[in-house]
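Everything on this sheet refers to the single structure shown next.
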Amino acid sequence: MRDLAAFLFRSLLGWLGIQVFISLMFLLYVRLSRTKTLPDEQLPKAAVILCLRGADPFLPNCIEALLKQNYPNYDLKLIIDSQDDPAWQIAGDTIKQLEVTNADISHLRVIRHNCSLKCSALIQAISDLDDSYEVVAFVDADIIVHSNWLRELVSPLDNPKVGATTGHRWYVPTGKYWGSLVRYTGNIASVVQMYLFGIPWGGTLALKTEVLRQTGIVEQWAQAFGEDLMMHNILKKHGLRVKFVPSLIMVNREECDLLGIIDYVKRLILYSRLYHPRWLAIVSEAVSSILFPTLVIVLFFLSLGDAQWEVADLLFKSYSIYTLGLLSLMLLMEMALQPVIRSQGQPGTKLSMGMVGRMLLAIPVTQWVYGLAMLSSVWISTVKWRGIVYRIRGPWNVRLVEYHPYDFLDQPVDSKISL
């Protein structure tokens, strides 16, 4: 057992070193990157598409921020699941209150049964656009954009080698829900990983309309479960790349309980298995980040039971160094990105001693939640997403099997809980 303990000690420290290195690469890019925004006369006409099913916790703020962009010529296109959806009245009231003319609300006219409901909505929104729109931007309802969001998102598309521009989501937990802490902890690693692999995020994403037409992305959506992960390979085949814009790291202030985070992670891992261009690397990362630490804990208790004190001491030291190293990395990432968050007028995570302690405890909980989700995703074929049930047998074999319009009874009791 001592040889195995020594192997795990070296493996954990080695993997921690790799995580520190790639995280520092990410933070260096964030620090050195400067987004050069185009002047008004060079900015193309843009359509911002927001697909809604249910009233997300900060939906009025989201819509209001989207309609107050520092951008000369754009329209907001809202595709809402049905006219009975709780989001319909909220969107209508917000637009009416602001007295704007550049916002349109449509209900989802065709519910496709061989792709996700969001893909159906995106296809409808794209097909309704006329030729005057040169750029299409996508946004999720769980973020509140800043005033330069669209300008910073569109400007890098002036480079002909850039096929898409994107940001990333950043969670701000309050510590009230453990699910929120687990989601926050897992997302820190996800942000770095998506940057490393050039993966776009559909919550803040823009493409030229000609790129959408030339690459056949819309046709792919017609038989897919999600819209963004597949873009990396499609754009790469056409000699285009995804540009990550650090100023578009967008804050999510919603909460999530443990039951909700388990369902979210299972769906996320299944989605990654279907479309992630580096899925084997994700599996390898899971083995290093989840299996090895868990194995160390198991062997630690076994060695205590066998009175192998030296082995137990080595295992305890290896797990402690690894976990405290991850906590330090989390704190470094949080503090390094807080200036980006504050520049958007958004609150960051309050790093009190109590919060730091909960973050430390959230590390092993996150490892176990993601580990269980990874195992269950191997045989999972049915997914429930905002009340819709899908049967998935492959990346291009998706079937919507149960649908009903979203109504007020589907809303969480806590108004800040993610849908």
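Letters A, B, ... go to the chains of the structure tokens in the order shown; residues in each chain start at 1; ligands are counted from 1 in the same order.
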
Write out as a VMD selection string all residues of region 110-333 of chain A that DSSP puts in strand (DSSP E) for this structure's backbone. chain A and resid 135 to 139 162 to 171 204 to 208 241 to 252

Within 12 Å of region 263-274 of chain A: each region 98-185 of chain A residue with its shortest pair, only C-alpha atoms, as CSV:
```
residue,atom,partner,partner_atom,distance
A:Ser116,CA,A:Tyr271,CA,11.5
A:Gly179,CA,A:Tyr264,CA,10.1
A:Ser180,CA,A:Tyr264,CA,11.3
A:Val182,CA,A:Val265,CA,10.0
A:Arg183,CA,A:Val265,CA,8.4
A:Tyr184,CA,A:Val265,CA,11.9
```

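Residues of region 169-218 of chain A that DSSP, applied to the backbone, places in alpha helix (DSSP H): Trp178, Gly179, Ser180, Leu181, Val182, Arg183, Tyr184, Thr185, Gly186, Asn187, Ile188, Ala189, Ser190, Val191, Val192, Gln193, Met194, Tyr195, Leu196, Phe197, Thr209, Glu210, Val211, Leu212, Arg213, Gln214, Thr215, Ile217 and Val218 of chain A.
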
Keeping only N, CA and C atoms, write the selected residues to a file as a JSON list (two decimals), in the first residue's frame.
```
[["chain", "number", "residue", "atom", "x", "y", "z"],
["A", 178, "TRP", "N", -25.55, 25.00, -0.70],
["A", 178, "TRP", "CA", -24.36, 24.23, -1.04],
["A", 178, "TRP", "C", -24.29, 23.95, -2.53],
["A", 179, "GLY", "N", -25.44, 23.82, -3.16],
["A", 179, "GLY", "CA", -25.45, 23.62, -4.61],
["A", 179, "GLY", "C", -24.79, 24.77, -5.34],
["A", 180, "SER", "N", -25.01, 26.00, -4.86],
["A", 180, "SER", "CA", -24.39, 27.17, -5.47],
["A", 180, "SER", "C", -22.88, 27.12, -5.34],
["A", 181, "LEU", "N", -22.39, 26.67, -4.17],
["A", 181, "LEU", "CA", -20.95, 26.57, -3.95],
["A", 181, "LEU", "C", -20.33, 25.49, -4.84],
["A", 182, "VAL", "N", -21.02, 24.37, -4.99],
["A", 182, "VAL", "CA", -20.52, 23.31, -5.86],
["A", 182, "VAL", "C", -20.46, 23.80, -7.31],
["A", 183, "ARG", "N", -21.49, 24.48, -7.74],
["A", 183, "ARG", "CA", -21.52, 25.00, -9.12],
["A", 183, "ARG", "C", -20.41, 26.03, -9.33],
["A", 184, "TYR", "N", -20.20, 26.88, -8.35],
["A", 184, "TYR", "CA", -19.14, 27.89, -8.40],
["A", 184, "TYR", "C", -17.76, 27.22, -8.48],
["A", 185, "THR", "N", -17.54, 26.21, -7.64],
["A", 185, "THR", "CA", -16.24, 25.53, -7.61],
["A", 185, "THR", "C", -15.96, 24.82, -8.94],
["A", 186, "GLY", "N", -16.96, 24.11, -9.46],
["A", 186, "GLY", "CA", -16.77, 23.42, -10.73],
["A", 186, "GLY", "C", -16.59, 24.37, -11.89],
["A", 187, "ASN", "N", -17.24, 25.52, -11.83],
["A", 187, "ASN", "CA", -17.17, 26.47, -12.93],
["A", 187, "ASN", "C", -15.79, 27.11, -13.05],
["A", 188, "ILE", "N", -15.09, 27.26, -11.94],
["A", 188, "ILE", "CA", -13.75, 27.86, -11.99],
["A", 188, "ILE", "C", -12.85, 27.04, -12.90],
["A", 189, "ALA", "N", -12.90, 25.72, -12.73],
["A", 189, "ALA", "CA", -12.11, 24.85, -13.60],
["A", 189, "ALA", "C", -12.64, 24.88, -15.03],
["A", 190, "SER", "N", -13.96, 24.97, -15.18],
["A", 190, "SER", "CA", -14.57, 24.97, -16.51],
["A", 190, "SER", "C", -14.18, 26.20, -17.32],
["A", 191, "VAL", "N", -14.10, 27.35, -16.68],
["A", 191, "VAL", "CA", -13.72, 28.58, -17.38],
["A", 191, "VAL", "C", -12.33, 28.45, -17.98],
["A", 192, "VAL", "N", -11.39, 27.93, -17.20],
["A", 192, "VAL", "CA", -10.03, 27.76, -17.69],
["A", 192, "VAL", "C", -9.99, 26.73, -18.82],
["A", 193, "GLN", "N", -10.73, 25.66, -18.63],
["A", 193, "GLN", "CA", -10.75, 24.59, -19.63],
["A", 193, "GLN", "C", -11.33, 25.08, -20.97],
["A", 194, "MET", "N", -12.42, 25.84, -20.91],
["A", 194, "MET", "CA", -13.05, 26.33, -22.14],
["A", 194, "MET", "C", -12.12, 27.31, -22.88],
["A", 195, "TYR", "N", -11.38, 28.11, -22.11],
["A", 195, "TYR", "CA", -10.39, 29.00, -22.73],
["A", 195, "TYR", "C", -9.29, 28.18, -23.40],
["A", 196, "LEU", "N", -8.81, 27.15, -22.69],
["A", 196, "LEU", "CA", -7.70, 26.35, -23.20],
["A", 196, "LEU", "C", -8.07, 25.65, -24.50],
["A", 197, "PHE", "N", -9.30, 25.14, -24.59],
["A", 197, "PHE", "CA", -9.72, 24.38, -25.76],
["A", 197, "PHE", "C", -10.44, 25.23, -26.81],
["A", 209, "THR", "N", -23.47, 36.72, -39.77],
["A", 209, "THR", "CA", -24.54, 35.94, -40.40],
["A", 209, "THR", "C", -24.00, 35.14, -41.59],
["A", 210, "GLU", "N", -22.99, 35.67, -42.28],
["A", 210, "GLU", "CA", -22.42, 34.94, -43.40],
["A", 210, "GLU", "C", -21.70, 33.68, -42.93],
["A", 211, "VAL", "N", -21.12, 33.72, -41.72],
["A", 211, "VAL", "CA", -20.48, 32.53, -41.16],
["A", 211, "VAL", "C", -21.53, 31.47, -40.83],
["A", 212, "LEU", "N", -22.67, 31.91, -40.30],
["A", 212, "LEU", "CA", -23.75, 30.97, -40.02],
["A", 212, "LEU", "C", -24.21, 30.26, -41.30],
["A", 213, "ARG", "N", -24.29, 31.03, -42.38],
["A", 213, "ARG", "CA", -24.76, 30.45, -43.65],
["A", 213, "ARG", "C", -23.69, 29.53, -44.27],
["A", 214, "GLN", "N", -22.45, 29.98, -44.26],
["A", 214, "GLN", "CA", -21.39, 29.23, -44.94],
["A", 214, "GLN", "C", -21.01, 27.93, -44.25],
["A", 215, "THR", "N", -21.10, 27.90, -42.93],
["A", 215, "THR", "CA", -20.63, 26.74, -42.16],
["A", 215, "THR", "C", -21.71, 25.69, -41.93],
["A", 217, "ILE", "N", -24.02, 25.75, -39.61],
["A", 217, "ILE", "CA", -24.28, 25.57, -38.19],
["A", 217, "ILE", "C", -25.77, 25.44, -37.90],
["A", 218, "VAL", "N", -26.58, 26.28, -38.56],
["A", 218, "VAL", "CA", -28.03, 26.25, -38.31],
["A", 218, "VAL", "C", -28.62, 24.89, -38.67]]
```

Report as number ranges by chain all protein, DNA and RNA residues lying within 7 Å of Asp140 (chain A), evaluated on only C-alpha atoms, omitting residues in the same chain fewer than 2 positions from it. A: 50, 142-143, 203

Between CA of Leu372 (chain A) and CA of Phe292 (chain A), what distance in Å does the model show, to one decimal? 14.1 Å

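Taking CA of Pro160 (chain A) as the reference point, CA of Lys45 (chain A) is found at 17.1 Å.
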
Could you name the residues that touch region 318-335 of chain A at 7 Å or less, counting only C-alpha atoms, but leaving out those on the same chain fewer than 3 positions away, as a count of residues only? 11

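One finds CA of Arg109 (chain A) at 20.8 Å from CA of Phe408 (chain A).
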
Counting only C-alpha atoms, which residue out of A:Gly226, A:Pro246, A:Gly54, A:Gly354 sits closest to Val398 (chain A)? A:Gly226
